[in-house]
Structure formats: structure tokens, C-alpha cells
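**Q** Take a look at start.pdb, PDB, C-alpha atoms:
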ATOM      1  CA  MET A   1      97.256  77.199 108.701
ATOM      2  CA  SER A   2      96.662  80.543 110.402
ATOM      3  CA  PRO A   3      93.916  82.824 109.067
ATOM      4  CA  LYS A   4      96.479  85.375 107.866
ATOM      5  CA  ALA A   5      98.525  82.680 106.118
ATOM      6  CA  PHE A   6      95.368  81.394 104.415
ATOM      7  CA  LEU A   7      94.400  84.871 103.269
ATOM      8  CA  ASN A   8      97.937  85.931 102.233
ATOM      9  CA  ARG A   9      98.366  83.097  99.726
ATOM     10  CA  ALA A  10      97.055  85.296  96.901
ATOM     11  CA  PHE A  11      99.562  88.029  97.784
ATOM     12  CA  TYR A  12     102.551  85.700  97.521
ATOM     13  CA  ILE A  13     101.444  84.173  94.220
ATOM     14  CA  ASN A  14     100.839  87.667  92.868
ATOM     15  CA  GLN A  15     104.379  88.646  93.913
ATOM     16  CA  ARG A  16     105.749  85.537  92.178
ATOM     17  CA  ILE A  17     103.880  86.440  88.986
ATOM     18  CA  ASN A  18     105.173  90.019  89.087
ATOM     19  CA  SER A  19     108.727  88.763  89.537
ATOM     20  CA  LYS A  20     108.406  86.490  86.508
ATOM     21  CA  VAL A  21     106.950  89.321  84.415
ATOM     22  CA  GLU A  22     109.994  91.429  85.311
ATOM     23  CA  GLN A  23     112.281  88.547  84.340
ATOM     24  CA  ILE A  24     110.539  88.269  80.967
ATOM     25  CA  ALA A  25     110.979  92.000  80.403
ATOM     26  CA  SER A  26     114.672  91.593  81.152
ATOM     27  CA  LEU A  27     114.964  88.646  78.748
ATOM     28  CA  ASN A  28     113.119  90.608  76.054
ATOM     29  CA  ALA A  29     115.523  93.503  76.494
ATOM     30  CA  LEU A  30     118.408  91.079  76.184
ATOM     31  CA  ALA A  31     116.908  89.516  73.062
ATOM     32  CA  ASN A  32     116.434  92.937  71.478
ATOM     33  CA  LYS A  33     119.915  94.091  72.308
ATOM     34  CA  VAL A  34     121.867  94.492  69.101
ATOM     35  CA  THR A  35     125.609  94.057  69.190
ATOM     36  CA  THR A  36     127.830  94.509  66.233
ATOM     37  CA  THR A  37     131.198  92.847  65.804
ATOM     38  CA  TYR A  38     133.607  94.342  63.339
ATOM     39  CA  SER A  39     136.020  91.961  61.759
ATOM     40  CA  GLN A  40     137.821  91.307  58.481
ATOM     41  CA  ALA A  41     136.448  87.767  58.322
ATOM     42  CA  PRO A  42     132.935  87.144  57.049
ATOM     43  CA  ALA A  43     130.436  86.445  59.838
ATOM     44  CA  SER A  44     128.837  83.036  60.033
ATOM     45  CA  GLY A  45     125.690  84.341  61.725
ATOM     46  CA  SER A  46     124.884  81.046  63.417
ATOM     47  CA  HIS A  47     126.394  81.865  66.822
ATOM     48  CA  ASN A  48     123.997  84.746  67.520
ATOM     49  CA  ASN A  49     121.009  82.793  66.215
ATOM     50  CA  HIS A  50     121.526  80.111  68.860
ATOM     51  CA  LYS A  51     121.728  82.708  71.631
ATOM     52  CA  MET A  52     118.536  84.352  70.387
ATOM     53  CA  GLU A  53     116.821  80.969  70.134
ATOM     54  CA  ASP A  54     117.836  80.105  73.724
ATOM     55  CA  ILE A  55     116.464  83.412  74.994
ATOM     56  CA  ILE A  56     113.173  82.918  73.149
ATOM     57  CA  ILE A  57     112.830  79.392  74.567
ATOM     58  CA  LYS A  58     113.391  80.761  78.082
ATOM     59  CA  ILE A  59     110.810  83.506  77.510
ATOM     60  CA  VAL A  60     108.202  80.998  76.305
ATOM     61  CA  ALA A  61     108.894  78.696  79.272
ATOM     62  CA  MET A  62     108.564  81.601  81.704
ATOM     63  CA  GLU A  63     105.287  82.701  80.055
ATOM     64  CA  GLU A  64     103.946  79.162  80.541
ATOM     65  CA  ASP A  65     104.956  79.347  84.219
ATOM     66  CA  ILE A  66     103.135  82.666  84.548
ATOM     67  CA  ASN A  67      99.986  81.208  82.982
ATOM     68  CA  SER A  68     100.143  78.320  85.431
ATOM     69  CA  ASP A  69     100.618  80.745  88.342
ATOM     70  CA  ILE A  70      97.676  82.846  87.143
ATOM     71  CA  ASP A  71      95.464  79.745  87.084
ATOM     72  CA  GLU A  72      96.596  78.939  90.632
ATOM     73  CA  LEU A  73      95.971  82.560  91.695
ATOM     74  CA  LEU A  74      92.422  82.470  90.323
ATOM     75  CA  ASP A  75      91.698  79.214  92.158
ATOM     76  CA  ILE A  76      93.084  80.558  95.424
ATOM     77  CA  LYS A  77      91.193  83.850  95.072
ATOM     78  CA  ALA A  78      87.965  81.912  94.515
ATOM     79  CA  GLU A  79      88.669  79.907  97.666
ATOM     80  CA  ILE A  80      89.437  83.073  99.647
ATOM     81  CA  ILE A  81      86.294  84.814  98.319
ATOM     82  CA  GLY A  82      84.185  81.869  99.446
ATOM     83  CA  ALA A  83      85.750  81.951 102.895
ATOM     84  CA  ILE A  84      85.392  85.730 103.267
ATOM     85  CA  ASN A  85      81.760  85.564 102.153
ATOM     86  CA  ALA A  86      81.086  83.341 105.174
ATOM     87  CA  VAL A  87      81.830  86.333 107.442
ATOM     88  CA  GLU A  88      78.535  87.908 108.484
ATOM     89  CA  ASN A  89      79.679  91.477 109.206
ATOM     90  CA  GLU A  90      79.784  93.466 105.969
ATOM     91  CA  GLU A  91      82.440  95.870 107.259
ATOM     92  CA  HIS A  92      84.668  92.949 108.207
ATOM     93  CA  ARG A  93      84.186  91.367 104.775
ATOM     94  CA  THR A  94      85.068  94.673 103.115
ATOM     95  CA  ILE A  95      88.340  95.094 104.966
ATOM     96  CA  LEU A  96      89.323  91.469 104.326
ATOM     97  CA  GLU A  97      88.529  91.782 100.619
ATOM     98  CA  LYS A  98      90.420  95.060 100.261
ATOM     99  CA  ARG A  99      93.491  93.739 102.048
ATOM    100  CA  TYR A 100      93.718  90.137 100.841
ATOM    101  CA  LEU A 101      92.040  90.175  97.418
ATOM    102  CA  SER A 102      92.616  93.720  96.141
ATOM    103  CA  LEU A 103      96.002  93.795  97.937
ATOM    104  CA  GLU A 104      95.435  97.387  99.065
ATOM    105  CA  SER A 105      97.732  99.113 101.544
ATOM    106  CA  TRP A 106      96.487  99.938 105.025
ATOM    107  CA  GLU A 107      96.561 103.633 104.143
ATOM    108  CA  ASP A 108      94.403 103.118 101.044
ATOM    109  CA  ILE A 109      91.929 101.007 102.996
ATOM    110  CA  ALA A 110      91.708 103.692 105.685
ATOM    111  CA  ALA A 111      91.105 106.415 103.090
ATOM    112  CA  ASP A 112      88.469 104.357 101.235
ATOM    113  CA  MET A 113      86.614 103.507 104.431
ATOM    114  CA  ASN A 114      86.995 106.979 105.985
ATOM    115  CA  TYR A 115      88.910 105.665 109.011
ATOM    116  CA  GLY A 116      92.281 106.352 110.511
ATOM    117  CA  VAL A 117      94.949 103.715 109.924
ATOM    118  CA  ARG A 118      94.918 102.754 113.611
ATOM    119  CA  ASN A 119      91.150 102.179 113.430
ATOM    120  CA  VAL A 120      91.660 100.002 110.362
ATOM    121  CA  PHE A 121      94.151  97.864 112.307
ATOM    122  CA  ILE A 122      91.623  97.429 115.103
ATOM    123  CA  LEU A 123      88.863  96.618 112.622
ATOM    124  CA  HIS A 124      91.178  94.160 110.850
ATOM    125  CA  GLY A 125      91.795  92.322 114.133
ATOM    126  CA  LYS A 126      88.049  92.032 114.664
ATOM    127  CA  ALA A 127      87.580  90.933 111.048
ATOM    128  CA  LEU A 128      90.144  88.148 111.515
ATOM    129  CA  LYS A 129      88.283  86.948 114.616
ATOM    130  CA  SER A 130      85.021  86.965 112.631
ATOM    131  CA  PHE A 131      86.800  85.077 109.853
ATOM    132  CA  VAL A 132      87.997  82.377 112.280
ATOM    133  CA  LYS A 133      84.475  82.012 113.697
ATOM    134  CA  ALA A 134      82.996  81.733 110.206
ATOM    135  CA  MET A 135      85.545  79.078 109.215
ATOM    136  CA  GLU A 136      84.888  77.077 112.394
ATOM    137  CA  SER A 137      81.139  77.157 111.761
ATOM    138  CA  LEU A 138      81.638  75.825 108.228
ATOM    139  CA  GLN A 139      83.579  72.779 109.433
TER
END
For the file at hand, write its structure as C-alpha cells.

**A**
Amino acid sequence: MSPKAFLNRAFYINQRINSKVEQIASLNALANKVTTTYSQAPASGSHNNHKMEDIIIKIVAMEEDINSDIDELLDIKAEIIGAINAVENEEHRTILEKRYLSLESWEDIAADMNYGVRNVFILHGKALKSFVKAMESLQ
């Protein structure tokens, strides 16, 4: 696995969690949607209850998936933190943490570190090389 692929695992799990949260919001909106049917015949009421029950079951299942993904995210972040902490250069550690753990944009990293974006890219390349060296020394 490449260093970037190793470090980007948290990003992709975070994206998956965000997608599921959006899906739950959509299901909640659907569950809260009230529709009225006008008819001469008395309503049985059971048809809508089953739809609502199905939606609630899907919401609960998706929430369980999110909890599982969050557990996985925490484990992966702990693994990434341990690997980044093996890098000796503090500046390199900082840029790796900001990018791969805090999921900051290049522009935000540059502003926080008082660098231009181009300088951050150069520093990131050096940080990845330091990261590879640190990982090789641990094995």
C-alpha cells in the first residue's frame, strides 16, 4: 500500500459516514412527510403504518452501519497517528496530521502554517518521504 493510500483511509471512511448521515436525513424527511388521502371510504390506517415501520427499520440499520464505520474510523486514525508520530520532523508531522487526520484543504494548511500553497505541496512531498523512511525503520 502506498503511503498516500495508507494515510487517505480515514478520508474515505469519513466520506462514507457523511454519505450515510445524508441518507438518514433523507429517510427522516420521508418518514416525517405527511400525506393525506381524501376518500368517502373509512381509512384502514394499516398501509401507512407498514411504510413508516419499514422506514424506521432502515434508519436504525443505517445508524448501526454508521456506528460500525465510526469504530473503524477511530481504529484507523489511531493507526495513522502512530505512524505519523514515527516521523522525526515536527513540521512534516504537522502537515501530515492536518491533511490526513484533520482532513484540511491545502489552502487551509497553507494559511495555518503561514506558507504559500505551492510551498505546502513541496513540504508535503518531503513529509511523505520522511513518512516512508519512518515506516521502513519501524519494520

**Q** What is the distance between CA of Met62 (chain A) and CA of Ser105 (chain A), in Å to one decimal?

**A**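 Separation of CA of Met62 (chain A) and CA of Ser105 (chain A): 28.6 Å.
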
**Q** For Lys51 (chain A), work out the shell of residues within 12 Å, counting all atoms listed in the file and skipping chain neighbours fewer than 5 positions away, then give it as a PDB file with C-alpha atoms, in the frame of the given file.

**A**
ATOM      1  CA  LEU A  27     114.964  88.646  78.748  1.00  0.00           C
ATOM      2  CA  LEU A  30     118.408  91.079  76.184  1.00  0.00           C
ATOM      3  CA  ALA A  31     116.908  89.516  73.062  1.00  0.00           C
ATOM      4  CA  ASN A  32     116.434  92.937  71.478  1.00  0.00           C
ATOM      5  CA  LYS A  33     119.915  94.091  72.308  1.00  0.00           C
ATOM      6  CA  GLY A  45     125.690  84.341  61.725  1.00  0.00           C
ATOM      7  CA  SER A  46     124.884  81.046  63.417  1.00  0.00           C
ATOM      8  CA  ILE A  56     113.173  82.918  73.149  1.00  0.00           C
ATOM      9  CA  ILE A  57     112.830  79.392  74.567  1.00  0.00           C
ATOM     10  CA  LYS A  58     113.391  80.761  78.082  1.00  0.00           C
TER      11      LYS A  58
END

**Q** Got a sec to resolve the PyMOL selection byres ((chain A and resi 100) around 9) on this structure and send the residues as a list of chain:residue names?

**A**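 Applied to this file, the PyMOL selection byres ((chain A and resi 100) around 9) returns A:Lys4, A:Leu7, A:Asn8, A:Arg9, A:Ala10, A:Phe11, A:Lys77, A:Ile80, A:Ile95, A:Leu96, A:Glu97, A:Lys98, A:Arg99, A:Leu101, A:Ser102, A:Leu103, A:Glu104.
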
**Q** Restricting the calculation to only C-alpha atoms, which member of A:Ala86, A:Leu73, A:Ile59, A:Leu128 is positioned closest to Ala5 (chain A)?

**A** A:Leu128

**Q** Could you please determine the separation between CA of Ile109 (chain A) and CA of His124 (chain A) in Å, to one decimal place?

**A**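 Between CA of Ile109 (chain A) and CA of His124 (chain A) the gap works out to 10.4 Å.
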